[in-house]
file input_20.cif (mmCIF, C-alpha atoms)
data_coords
loop_
_atom_site.group_PDB
_atom_site.id
_atom_site.type_symbol
_atom_site.label_atom_id
_atom_site.label_comp_id
_atom_site.auth_asym_id
_atom_site.auth_seq_id
_atom_site.Cartn_x
_atom_site.Cartn_y
_atom_site.Cartn_z
ATOM 1 C CA MET A 2 75.589 99.816 118.287
ATOM 2 C CA SER A 3 74.211 100.421 121.766
ATOM 3 C CA ALA A 4 70.481 99.993 122.232
ATOM 4 C CA GLU A 5 70.225 103.266 124.182
ATOM 5 C CA ASP A 6 71.494 105.416 121.308
ATOM 6 C CA ASN A 7 69.578 103.406 118.714
ATOM 7 C CA ASN A 8 66.355 104.246 120.550
ATOM 8 C CA ASN A 9 67.112 107.982 120.644
ATOM 9 C CA PRO A 10 64.991 109.174 117.708
ATOM 10 C CA TYR A 11 66.972 112.225 116.604
ATOM 11 C CA THR A 12 70.374 110.599 117.094
ATOM 12 C CA SER A 13 69.193 107.668 115.001
ATOM 13 C CA PHE A 14 67.966 110.091 112.332
ATOM 14 C CA GLN A 15 71.342 111.847 112.217
ATOM 15 C CA ALA A 16 73.083 108.489 111.879
ATOM 16 C CA GLY A 17 70.667 107.567 109.088
ATOM 17 C CA VAL A 18 71.432 110.776 107.202
ATOM 18 C CA THR A 19 75.163 110.118 107.587
ATOM 19 C CA ALA A 20 74.722 106.597 106.184
ATOM 20 C CA THR A 21 72.580 107.884 103.323
ATOM 21 C CA LEU A 22 75.159 110.461 102.245
ATOM 22 C CA ARG A 23 78.031 107.992 102.580
ATOM 23 C CA THR A 24 76.310 105.546 100.253
ATOM 24 C CA TRP A 25 75.142 108.182 97.747
ATOM 25 C CA SER A 26 77.373 107.248 94.829
ATOM 26 C CA ALA A 27 77.134 110.675 93.173
ATOM 27 C CA LEU A 28 78.372 112.484 96.289
ATOM 28 C CA LYS A 29 81.022 109.875 97.100
ATOM 29 C CA THR A 30 82.419 109.981 93.555
ATOM 30 C CA ALA A 31 82.419 113.792 93.545
ATOM 31 C CA VAL A 32 84.441 113.854 96.767
ATOM 32 C CA ASP A 33 86.799 111.021 95.763
ATOM 33 C CA GLN A 34 87.527 112.716 92.429
ATOM 34 C CA THR A 35 87.708 116.183 94.057
ATOM 35 C CA TRP A 36 85.195 117.606 91.582
ATOM 36 C CA GLY A 37 84.545 120.322 94.122
ATOM 37 C CA GLY A 38 88.220 121.225 94.318
ATOM 38 C CA THR A 39 90.424 120.781 97.357
ATOM 39 C CA GLU A 40 87.454 121.617 99.580
ATOM 40 C CA SER A 41 85.339 118.690 98.305
ATOM 41 C CA ALA A 42 85.274 116.811 101.626
ATOM 42 C CA THR A 43 84.431 120.030 103.471
ATOM 43 C CA LYS A 44 81.555 120.718 101.073
ATOM 44 C CA ALA A 45 80.136 117.267 101.815
ATOM 45 C CA GLU A 46 80.326 117.981 105.553
ATOM 46 C CA ASP A 47 78.605 121.330 104.975
ATOM 47 C CA LEU A 48 75.804 119.557 103.132
ATOM 48 C CA ARG A 49 75.208 117.255 106.098
ATOM 49 C CA ARG A 50 75.207 120.173 108.536
ATOM 50 C CA ASN A 51 72.727 122.025 106.336
ATOM 51 C CA ILE A 52 70.394 119.029 106.350
ATOM 52 C CA PHE A 53 70.614 118.791 110.142
ATOM 53 C CA SER A 54 69.789 122.490 110.458
ATOM 54 C CA HIS A 55 66.560 122.057 108.479
ATOM 55 C CA PHE A 56 65.692 118.700 110.063
ATOM 56 C CA ASP A 57 66.644 119.661 113.621
ATOM 57 C CA GLY A 58 64.346 117.400 115.638
ATOM 58 C CA GLN A 59 62.638 120.350 117.322
ATOM 59 C CA SER A 60 59.393 119.726 115.457
ATOM 60 C CA PRO A 61 57.821 116.784 113.623
ATOM 61 C CA ASN A 62 57.612 119.130 110.634
ATOM 62 C CA PRO A 63 60.992 119.987 109.046
ATOM 63 C CA LYS A 64 61.857 123.478 107.892
ATOM 64 C CA MET A 65 61.588 122.599 104.199
ATOM 65 C CA THR A 66 59.282 120.447 102.115
ATOM 66 C CA LEU A 67 60.256 117.206 100.407
ATOM 67 C CA TYR A 68 60.282 118.901 97.000
ATOM 68 C CA GLU A 69 62.436 121.748 98.314
ATOM 69 C CA LEU A 70 64.890 119.192 99.671
ATOM 70 C CA GLU A 71 65.027 117.443 96.285
ATOM 71 C CA ASP A 72 65.627 120.699 94.415
ATOM 72 C CA ASN A 73 68.246 121.943 96.846
ATOM 73 C CA LEU A 74 70.173 118.664 96.845
ATOM 74 C CA GLY A 75 70.325 118.755 93.054
ATOM 75 C CA ALA A 76 71.306 122.424 93.005
ATOM 76 C CA TYR A 77 73.983 121.917 95.640
ATOM 77 C CA MET A 78 75.580 119.047 93.712
ATOM 78 C CA GLU A 79 75.567 121.054 90.488
ATOM 79 C CA GLU A 80 76.831 124.341 91.900
ATOM 80 C CA GLU A 81 79.389 122.988 94.387
ATOM 81 C CA PHE A 82 80.652 119.913 92.501
ATOM 82 C CA GLY A 83 79.639 120.609 88.901
ATOM 83 C CA VAL A 84 77.557 117.402 88.842
ATOM 84 C CA VAL A 85 74.280 117.247 86.921
ATOM 85 C CA LEU A 86 72.279 114.359 88.386
ATOM 86 C CA GLU A 87 70.757 112.838 85.271
ATOM 87 C CA ASP A 88 69.826 109.709 87.258
ATOM 88 C CA GLU A 89 67.661 111.874 89.547
ATOM 89 C CA SER A 90 69.240 110.188 92.558
ATOM 90 C CA GLU A 91 68.593 113.319 94.604
ATOM 91 C CA ARG A 92 64.925 112.287 94.669
ATOM 92 C CA GLU A 93 65.742 108.932 96.248
ATOM 93 C CA VAL A 94 68.072 110.552 98.777
ATOM 94 C CA ALA A 95 65.532 113.240 99.685
ATOM 95 C CA ASP A 96 62.706 110.708 99.981
ATOM 96 C CA LEU A 97 64.757 108.474 102.291
ATOM 97 C CA ILE A 98 65.796 111.389 104.504
ATOM 98 C CA TRP A 99 62.206 112.584 104.662
ATOM 99 C CA ARG A 100 60.830 109.134 105.575
ATOM 100 C CA MET A 101 63.481 108.612 108.264
ATOM 101 C CA TYR A 102 62.602 111.967 109.810
ATOM 102 C CA GLU A 103 58.881 111.168 109.793
ATOM 103 C CA CYS A 104 59.468 107.790 111.427
ATOM 104 C CA CYS A 105 61.916 109.086 114.026
ATOM 105 C CA ALA A 106 59.544 111.948 114.893
ATOM 106 C CA LYS A 107 57.035 109.236 115.846
ATOM 107 C CA GLY A 108 59.636 107.391 117.911
ATOM 108 C CA ASP A 109 60.182 104.672 115.305
ATOM 109 C CA CYS A 110 63.922 104.320 114.647
ATOM 110 C CA ALA A 111 63.739 101.028 112.724
ATOM 111 C CA LEU A 112 64.201 102.534 109.244
ATOM 112 C CA ALA A 113 67.111 104.753 110.277
ATOM 113 C CA ASN A 114 68.857 101.875 112.067
ATOM 114 C CA GLN A 115 68.339 99.648 109.035
ATOM 115 C CA VAL A 116 69.933 102.250 106.747
ATOM 116 C CA VAL A 117 72.940 102.562 109.071
ATOM 117 C CA MET A 118 73.512 98.814 109.288
ATOM 118 C CA GLY A 119 73.204 98.494 105.520
ATOM 119 C CA ALA A 120 75.824 101.205 105.027
ATOM 120 C CA ILE A 121 78.222 99.583 107.514
ATOM 121 C CA GLN A 122 77.900 96.210 105.793
ATOM 122 C CA ALA A 123 78.447 97.794 102.374
ATOM 123 C CA GLU A 124 81.617 99.519 103.620
ATOM 124 C CA GLU A 125 82.946 96.241 105.043
ATOM 125 C CA LEU A 126 82.276 94.346 101.812
ATOM 126 C CA LEU A 127 83.964 97.073 99.786
ATOM 127 C CA LYS A 128 87.098 96.966 101.934
ATOM 128 C CA LYS A 129 87.236 93.159 101.745
ATOM 129 C CA SER A 130 86.936 93.242 97.967
ATOM 130 C CA GLU A 131 89.728 95.832 97.752
ATOM 131 C CA VAL A 132 92.043 93.656 99.867
ATOM 132 C CA LYS A 133 91.270 90.544 97.797
ATOM 133 C CA SER A 134 91.891 92.507 94.615
ATOM 134 C CA VAL A 135 95.345 93.538 95.853
ATOM 135 C CA ILE A 136 96.156 89.950 96.823
ATOM 136 C CA LYS A 137 94.920 88.664 93.452
ATOM 137 C CA ASN A 138 97.098 91.149 91.571
ATOM 138 C CA GLY A 139 100.095 90.008 93.588
ATOM 139 C CA ASP A 140 99.349 86.372 92.761
ATOM 140 C CA ASP A 141 99.161 87.168 89.041
ATOM 141 C CA ASP A 142 102.607 88.772 89.157
ATOM 142 C CA ASP A 143 104.046 85.604 90.661
ATOM 143 C CA ASP A 144 102.440 83.181 88.174
ATOM 144 C CA ASP A 145 105.450 83.010 85.865
ATOM 145 C CA ASP A 146 107.849 82.321 88.708
ATOM 146 C CA ASP A 147 105.529 79.673 90.150
ATOM 147 C CA ASP A 148 105.266 77.853 86.809
ATOM 148 C CA ALA A 149 109.042 77.693 86.507
ATOM 149 C CA MET A 150 109.440 76.371 90.030
ATOM 150 C CA ASN A 151 106.698 73.756 89.527
ATOM 151 C CA ASP A 152 108.365 72.446 86.362
ATOM 152 C CA SER A 153 111.666 71.983 88.158
ATOM 153 C CA SER A 154 110.181 70.305 91.232
ATOM 154 C CA GLU A 155 107.678 67.854 89.743
ATOM 155 C CA GLU A 156 110.007 64.896 90.281
ATOM 156 C CA GLN A 157 110.409 65.743 93.992
ATOM 157 C CA GLU A 158 106.656 66.019 94.756
ATOM 158 C CA ILE A 159 105.918 62.273 94.709
ATOM 159 C CA GLY A 160 104.442 61.293 98.070
ATOM 160 C CA GLY A 161 104.040 64.951 99.182
ATOM 161 C CA ASP A 162 100.305 65.410 98.484
ATOM 162 C CA ASP A 163 99.244 65.113 102.126
ATOM 163 C CA ASN A 164 101.593 67.885 103.232
ATOM 164 C CA ASN A 165 100.484 70.128 100.353
ATOM 165 C CA ASP A 166 96.811 69.634 101.238
ATOM 166 C CA ALA A 167 97.497 70.590 104.844
ATOM 167 C CA MET A 168 99.364 73.717 103.780
ATOM 168 C CA ASN A 169 96.621 74.735 101.333
ATOM 169 C CA SER A 170 93.875 74.269 103.916
ATOM 170 C CA SER A 171 95.706 76.503 106.397
ATOM 171 C CA SER A 172 96.207 79.308 103.874
ATOM 172 C CA THR A 173 92.779 79.639 102.293
ATOM 173 C CA THR A 174 92.107 82.848 104.256
ATOM 174 C CA PRO A 175 94.267 85.822 103.178
ATOM 175 C CA LYS A 176 96.421 87.172 105.992
ATOM 176 C CA ASN A 177 95.249 90.712 105.319
ATOM 177 C CA GLU A 178 91.557 89.885 105.207
ATOM 178 C CA ALA A 179 91.178 90.540 108.927
ATOM 179 C CA THR A 180 92.202 94.133 108.367
ATOM 180 C CA ALA A 181 89.465 94.583 105.757
ATOM 181 C CA THR A 182 86.643 94.567 108.286
ATOM 182 C CA ALA A 183 85.817 98.088 109.362
ATOM 183 C CA THR A 184 85.610 98.835 113.059
ATOM 184 C CA ALA A 185 81.904 99.146 113.683
ATOM 185 C CA PRO A 186 80.830 102.207 115.689
ATOM 186 C CA THR A 187 79.620 101.504 119.201
ATOM 187 C CA SER A 188 76.659 103.901 119.025
ATOM 188 C CA ALA A 189 74.462 105.839 116.642
ATOM 189 C CA LEU A 190 75.883 109.039 118.118
ATOM 190 C CA GLU A 191 79.442 107.976 117.287
ATOM 191 C CA TYR A 192 78.411 107.048 113.758
ATOM 192 C CA SER A 193 76.584 110.320 113.153
ATOM 193 C CA GLN A 194 79.574 112.363 114.354
ATOM 194 C CA GLY A 195 82.113 110.558 112.183
ATOM 195 C CA TYR A 196 83.506 112.128 109.041
ATOM 196 C CA LEU A 197 81.564 111.314 105.891
ATOM 197 C CA PHE A 198 84.549 110.383 103.745
ATOM 198 C CA GLY A 199 87.958 109.536 105.171
ATOM 199 C CA GLY A 200 89.702 111.763 107.656
ATOM 200 C CA PRO A 201 88.987 115.336 108.691
ATOM 201 C CA PRO A 202 88.532 117.811 105.842
ATOM 202 C CA LYS A 203 91.324 120.280 105.216
ATOM 203 C CA PRO A 204 90.747 123.590 107.039
ATOM 204 C CA LYS A 205 89.371 126.402 104.974
ATOM 205 C CA LYS A 206 91.651 129.330 104.231
ATOM 206 C CA GLU A 207 89.935 132.718 104.402
ATOM 207 C CA LEU A 208 86.812 131.507 102.621
ATOM 208 C CA PRO A 209 83.324 132.992 102.979
ATOM 209 C CA PRO A 210 80.753 131.092 105.087
ATOM 210 C CA PRO A 211 79.391 127.943 103.381
ATOM 211 C CA ARG A 212 76.308 128.464 101.253
ATOM 212 C CA GLN A 213 73.156 127.123 102.862
ATOM 213 C CA LEU A 214 70.597 124.879 101.204
ATOM 214 C CA GLY A 215 68.181 127.068 99.259
ATOM 215 C CA GLU A 216 70.534 130.063 99.216
ATOM 216 C CA ALA A 217 71.258 131.495 95.786
ATOM 217 C CA ALA A 218 74.776 131.186 94.405
ATOM 218 C CA PRO A 219 76.811 134.429 94.645
ATOM 219 C CA GLU A 220 76.900 136.498 91.489
ATOM 220 C CA THR A 221 80.167 136.679 89.553
ATOM 221 C CA PRO A 222 81.310 140.325 89.194
ATOM 222 C CA MET A 223 81.296 141.554 85.604
ATOM 223 C CA PRO A 224 84.500 143.101 84.183
ATOM 224 C CA VAL A 225 84.601 146.877 83.730
ATOM 225 C CA ILE A 226 84.665 147.871 80.046
ATOM 226 C CA ASP A 227 86.038 151.246 78.937
ATOM 227 C CA ASP A 228 84.663 153.436 76.152
ATOM 228 C CA ASP A 229 86.748 151.632 73.530
ATOM 229 C CA GLY A 230 85.321 148.255 74.502
ATOM 230 C CA PHE A 231 88.397 146.961 76.326
ATOM 231 C CA ALA A 232 88.747 145.706 79.873
ATOM 232 C CA PRO A 233 91.560 147.379 81.814
ATOM 233 C CA VAL A 234 94.554 145.193 82.679
ATOM 234 C CA VAL A 235 95.795 145.467 86.237
ATOM 235 C CA THR A 236 99.576 145.374 86.458
ATOM 236 C CA LYS A 237 101.880 145.361 89.429
ATOM 237 C CA LYS A 238 103.779 148.573 90.049
ATOM 238 C CA LYS A 239 107.507 148.264 89.734
ATOM 239 C CA GLY A 240 109.801 149.870 92.268
ATOM 240 C CA ALA A 241 111.652 153.041 91.328
ATOM 241 C CA ARG A 242 115.004 152.527 89.711
ATOM 242 C CA ARG A 243 118.073 153.705 91.557
#
call {"tool": "encode", "arguments": {"input": "input_20.cif", "output": "structure tokens"}}
result
Amino acid sequence: MSAEDNNNPYTSFQAGVTATLRTWSALKTAVDQTWGGTESATKAEDLRRNIFSHFDGQSPNPKMTLYELEDNLGAYMEEEFGVVLEDESEREVADLIWRMYECCAKGDCALANQVVMGAIQAEELLKKSEVKSVIKNGDDDDDDDDDAMNDSSEEQEIGGDDNNDAMNSSSTTPKNEATATATAPTSALEYSQGYLFGGPPKPKKELPPPRQLGEAAPETPMPVIDDDGFAPVVTKKKGARR
């Protein structure tokens, strides 16, 4: 990433927060498994925007304390994704975000840049392992056919070891491995503005504004009970018969 953007304290902080959320296994799993419904990716983006609004770079002191950030991260995961963080990972995430903000407020971007590079490397390794896994599964499917062909061609392989060695040495690297390496962002700004998980979230359809960190969950309306203890059933009116 460019040195100019990496030395911009708040841009580096935003990139660090993006990397932290991308590598938070609880959040990633919740989005991948759509535990928050079809709007799971959008809820993750809302969480990042909420963090940026409270850690806005306007002051060395954020708009919420470390303990408030911990509590609100845990509450957000539980109320929006139905995830109870028994591993208390929200504490680690909150502590890292808090430390990055403190360092960047002092002009020290080293921690934030380190978190970003670690996340990029982890993403690249994950993609490489996924490609190798696909190739390995394909090789296993062909084992039976290869054994049959080897049995029928053993008599013709005398004197062909040199050619086989040359072919093996030229094919040790999977053809698809080059595609496994993620395209690294050119700047901290580009990284911080990228989507957290995959492509753009699906647009919301007539939904209320996203709930902010620290805002209480909306109350569920209680059903109306009549004097006999029954809730009225709403039925659609049928058109008049002709």
call {"tool": "residues_around", "arguments": {"input": "input_20.cif", "residues": "Gly83 (chain A)", "least_positions_apart": "3", "cutoff": "8 Å", "atoms": "all atoms listed in the file", "output": "VMD selection string"}}
result
chain A and resid 36 to 37 78 to 80
call {"tool": "axis_aligned_box", "arguments": {"input": "input_20.cif", "around": "region 195-201 of chain A", "padding_each_side": "6 Å", "output": "AutoDock Vina command-line options"}}
result
--center_x 85.6 --center_y 112.4 --center_z 108.0 --size_x 20.1 --size_y 17.8 --size_z 20.4
call {"tool": "resolve_selection", "arguments": {"input": "input_20.cif", "expression": "the PyMOL selection byres ((chain A and resi 109) around 12)", "output": "MDAnalysis selection string"}}
result
chainID A and resid 7:14 100:108 110:115
call {"tool": "closest_residue", "arguments": {"input": "input_20.cif", "among": "A:Lys44, A:Phe53, A:Asn73, A:Val117", "to": "Ser188 (chain A)", "atoms": "only C-alpha atoms"}}
result
A:Val117
call {"tool": "closest_residue", "arguments": {"input": "input_20.cif", "among": "A:Ile98, A:Met223, A:Leu48, A:Ile121", "to": "Thr21 (chain A)", "atoms": "only C-alpha atoms"}}
result
A:Ile98
call {"tool": "atom_distance", "arguments": {"input": "input_20.cif", "atom1": "CA of Asp88 (chain A)", "atom2": "CA of Leu22 (chain A)"}}
result
15.9 Å
call {"tool": "closest_residue", "arguments": {"input": "input_20.cif", "among": "A:Thr221, A:Thr19, A:Gln213, A:Gln194", "to": "Leu97 (chain A)", "atoms": "all atoms listed in the file"}}
result
A:Thr19
call {"tool": "decode", "arguments": {"input": "input_20.cif", "residues": "region 68-80 of chain A", "atoms": "all heavy atoms", "output": "PDB file, in the first residue's frame"}}
result
ATOM      1  N   TYR A  68     -15.182   0.011  27.568  1.00  0.00           N
ATOM      2  CA  TYR A  68     -16.161  -0.936  28.100  1.00  0.00           C
ATOM      3  C   TYR A  68     -17.508  -0.794  27.385  1.00  0.00           C
ATOM      4  O   TYR A  68     -18.211  -1.786  27.186  1.00  0.00           O
ATOM      5  CB  TYR A  68     -16.313  -0.733  29.605  1.00  0.00           C
ATOM      6  CG  TYR A  68     -15.005  -0.937  30.341  1.00  0.00           C
ATOM      7  CD1 TYR A  68     -14.310   0.143  30.876  1.00  0.00           C
ATOM      8  CD2 TYR A  68     -14.453  -2.206  30.457  1.00  0.00           C
ATOM      9  CE1 TYR A  68     -13.099  -0.046  31.525  1.00  0.00           C
ATOM     10  CE2 TYR A  68     -13.246  -2.401  31.102  1.00  0.00           C
ATOM     11  CZ  TYR A  68     -12.566  -1.311  31.637  1.00  0.00           C
ATOM     12  OH  TYR A  68     -11.369  -1.509  32.262  1.00  0.00           O
ATOM     13  N   GLU A  69     -17.860   0.423  27.002  1.00  0.00           N
ATOM     14  CA  GLU A  69     -19.088   0.618  26.233  1.00  0.00           C
ATOM     15  C   GLU A  69     -18.965  -0.039  24.858  1.00  0.00           C
ATOM     16  O   GLU A  69     -19.927  -0.634  24.358  1.00  0.00           O
ATOM     17  CB  GLU A  69     -19.379   2.109  26.081  1.00  0.00           C
ATOM     18  CG  GLU A  69     -19.852   2.774  27.367  1.00  0.00           C
ATOM     19  CD  GLU A  69     -19.998   4.278  27.225  1.00  0.00           C
ATOM     20  OE1 GLU A  69     -19.374   4.857  26.305  1.00  0.00           O
ATOM     21  OE2 GLU A  69     -20.733   4.882  28.032  1.00  0.00           O
ATOM     22  N   LEU A  70     -17.783   0.061  24.264  1.00  0.00           N
ATOM     23  CA  LEU A  70     -17.567  -0.573  22.967  1.00  0.00           C
ATOM     24  C   LEU A  70     -17.682  -2.088  23.091  1.00  0.00           C
ATOM     25  O   LEU A  70     -18.325  -2.733  22.248  1.00  0.00           O
ATOM     26  CB  LEU A  70     -16.190  -0.189  22.423  1.00  0.00           C
ATOM     27  CG  LEU A  70     -15.806  -0.800  21.069  1.00  0.00           C
ATOM     28  CD1 LEU A  70     -16.820  -0.419  19.992  1.00  0.00           C
ATOM     29  CD2 LEU A  70     -14.397  -0.363  20.664  1.00  0.00           C
ATOM     30  N   GLU A  71     -17.099  -2.660  24.132  1.00  0.00           N
ATOM     31  CA  GLU A  71     -17.209  -4.106  24.358  1.00  0.00           C
ATOM     32  C   GLU A  71     -18.672  -4.527  24.477  1.00  0.00           C
ATOM     33  O   GLU A  71     -19.129  -5.469  23.796  1.00  0.00           O
ATOM     34  CB  GLU A  71     -16.466  -4.498  25.634  1.00  0.00           C
ATOM     35  CG  GLU A  71     -14.959  -4.392  25.559  1.00  0.00           C
ATOM     36  CD  GLU A  71     -14.311  -4.746  26.882  1.00  0.00           C
ATOM     37  OE1 GLU A  71     -15.047  -5.167  27.816  1.00  0.00           O
ATOM     38  OE2 GLU A  71     -13.095  -4.611  27.010  1.00  0.00           O
ATOM     39  N   ASP A  72     -19.405  -3.834  25.345  1.00  0.00           N
ATOM     40  CA  ASP A  72     -20.806  -4.189  25.588  1.00  0.00           C
ATOM     41  C   ASP A  72     -21.644  -4.052  24.323  1.00  0.00           C
ATOM     42  O   ASP A  72     -22.496  -4.899  24.035  1.00  0.00           O
ATOM     43  CB  ASP A  72     -21.389  -3.314  26.703  1.00  0.00           C
ATOM     44  CG  ASP A  72     -20.757  -3.612  28.057  1.00  0.00           C
ATOM     45  OD1 ASP A  72     -20.155  -4.696  28.216  1.00  0.00           O
ATOM     46  OD2 ASP A  72     -20.855  -2.750  28.956  1.00  0.00           O
ATOM     47  N   ASN A  73     -21.417  -2.987  23.577  1.00  0.00           N
ATOM     48  CA  ASN A  73     -22.232  -2.747  22.393  1.00  0.00           C
ATOM     49  C   ASN A  73     -21.903  -3.710  21.261  1.00  0.00           C
ATOM     50  O   ASN A  73     -22.800  -4.084  20.491  1.00  0.00           O
ATOM     51  CB  ASN A  73     -22.063  -1.304  21.925  1.00  0.00           C
ATOM     52  CG  ASN A  73     -22.782  -0.313  22.830  1.00  0.00           C
ATOM     53  OD1 ASN A  73     -23.979  -0.428  23.051  1.00  0.00           O
ATOM     54  ND2 ASN A  73     -22.056   0.646  23.370  1.00  0.00           N
ATOM     55  N   LEU A  74     -20.644  -4.127  21.157  1.00  0.00           N
ATOM     56  CA  LEU A  74     -20.297  -5.133  20.151  1.00  0.00           C
ATOM     57  C   LEU A  74     -21.003  -6.454  20.466  1.00  0.00           C
ATOM     58  O   LEU A  74     -21.569  -7.100  19.571  1.00  0.00           O
ATOM     59  CB  LEU A  74     -18.781  -5.343  20.108  1.00  0.00           C
ATOM     60  CG  LEU A  74     -17.949  -4.255  19.434  1.00  0.00           C
ATOM     61  CD1 LEU A  74     -16.457  -4.564  19.580  1.00  0.00           C
ATOM     62  CD2 LEU A  74     -18.310  -4.115  17.962  1.00  0.00           C
ATOM     63  N   GLY A  75     -20.958  -6.849  21.741  1.00  0.00           N
ATOM     64  CA  GLY A  75     -21.627  -8.079  22.138  1.00  0.00           C
ATOM     65  C   GLY A  75     -23.129  -8.007  21.933  1.00  0.00           C
ATOM     66  O   GLY A  75     -23.753  -8.962  21.445  1.00  0.00           O
ATOM     67  N   ALA A  76     -23.721  -6.862  22.298  1.00  0.00           N
ATOM     68  CA  ALA A  76     -25.168  -6.704  22.142  1.00  0.00           C
ATOM     69  C   ALA A  76     -25.570  -6.688  20.678  1.00  0.00           C
ATOM     70  O   ALA A  76     -26.589  -7.267  20.290  1.00  0.00           O
ATOM     71  CB  ALA A  76     -25.617  -5.409  22.827  1.00  0.00           C
ATOM     72  N   TYR A  77     -24.767  -6.058  19.852  1.00  0.00           N
ATOM     73  CA  TYR A  77     -25.074  -5.989  18.421  1.00  0.00           C
ATOM     74  C   TYR A  77     -25.054  -7.384  17.795  1.00  0.00           C
ATOM     75  O   TYR A  77     -25.947  -7.742  17.005  1.00  0.00           O
ATOM     76  CB  TYR A  77     -24.058  -5.091  17.718  1.00  0.00           C
ATOM     77  CG  TYR A  77     -24.455  -4.675  16.313  1.00  0.00           C
ATOM     78  CD1 TYR A  77     -25.184  -3.511  16.093  1.00  0.00           C
ATOM     79  CD2 TYR A  77     -24.109  -5.445  15.207  1.00  0.00           C
ATOM     80  CE1 TYR A  77     -25.563  -3.130  14.818  1.00  0.00           C
ATOM     81  CE2 TYR A  77     -24.479  -5.072  13.930  1.00  0.00           C
ATOM     82  CZ  TYR A  77     -25.193  -3.911  13.734  1.00  0.00           C
ATOM     83  OH  TYR A  77     -25.569  -3.541  12.469  1.00  0.00           O
ATOM     84  N   MET A  78     -24.041  -8.179  18.138  1.00  0.00           N
ATOM     85  CA  MET A  78     -23.946  -9.531  17.594  1.00  0.00           C
ATOM     86  C   MET A  78     -25.125 -10.390  18.035  1.00  0.00           C
ATOM     87  O   MET A  78     -25.658 -11.192  17.257  1.00  0.00           O
ATOM     88  CB  MET A  78     -22.632 -10.176  18.031  1.00  0.00           C
ATOM     89  CG  MET A  78     -21.387  -9.566  17.393  1.00  0.00           C
ATOM     90  SD  MET A  78     -21.343  -9.792  15.601  1.00  0.00           S
ATOM     91  CE  MET A  78     -21.213 -11.574  15.496  1.00  0.00           C
ATOM     92  N   GLU A  79     -25.546 -10.215  19.283  1.00  0.00           N
ATOM     93  CA  GLU A  79     -26.645 -11.030  19.804  1.00  0.00           C
ATOM     94  C   GLU A  79     -27.987 -10.606  19.210  1.00  0.00           C
ATOM     95  O   GLU A  79     -28.793 -11.464  18.824  1.00  0.00           O
ATOM     96  CB  GLU A  79     -26.688 -10.937  21.324  1.00  0.00           C
ATOM     97  CG  GLU A  79     -27.779 -11.798  21.957  1.00  0.00           C
ATOM     98  CD  GLU A  79     -27.724 -11.807  23.472  1.00  0.00           C
ATOM     99  OE1 GLU A  79     -26.796 -11.193  24.037  1.00  0.00           O
ATOM    100  OE2 GLU A  79     -28.611 -12.430  24.087  1.00  0.00           O
ATOM    101  N   GLU A  80     -28.222  -9.311  19.123  1.00  0.00           N
ATOM    102  CA  GLU A  80     -29.529  -8.828  18.693  1.00  0.00           C
ATOM    103  C   GLU A  80     -29.702  -8.826  17.174  1.00  0.00           C
ATOM    104  O   GLU A  80     -30.810  -9.009  16.680  1.00  0.00           O
ATOM    105  CB  GLU A  80     -29.754  -7.420  19.246  1.00  0.00           C
ATOM    106  CG  GLU A  80     -29.867  -7.402  20.772  1.00  0.00           C
ATOM    107  CD  GLU A  80     -29.797  -6.001  21.348  1.00  0.00           C
ATOM    108  OE1 GLU A  80     -29.725  -5.042  20.540  1.00  0.00           O
ATOM    109  OE2 GLU A  80     -29.803  -5.858  22.586  1.00  0.00           O
TER     110      GLU A  80
END
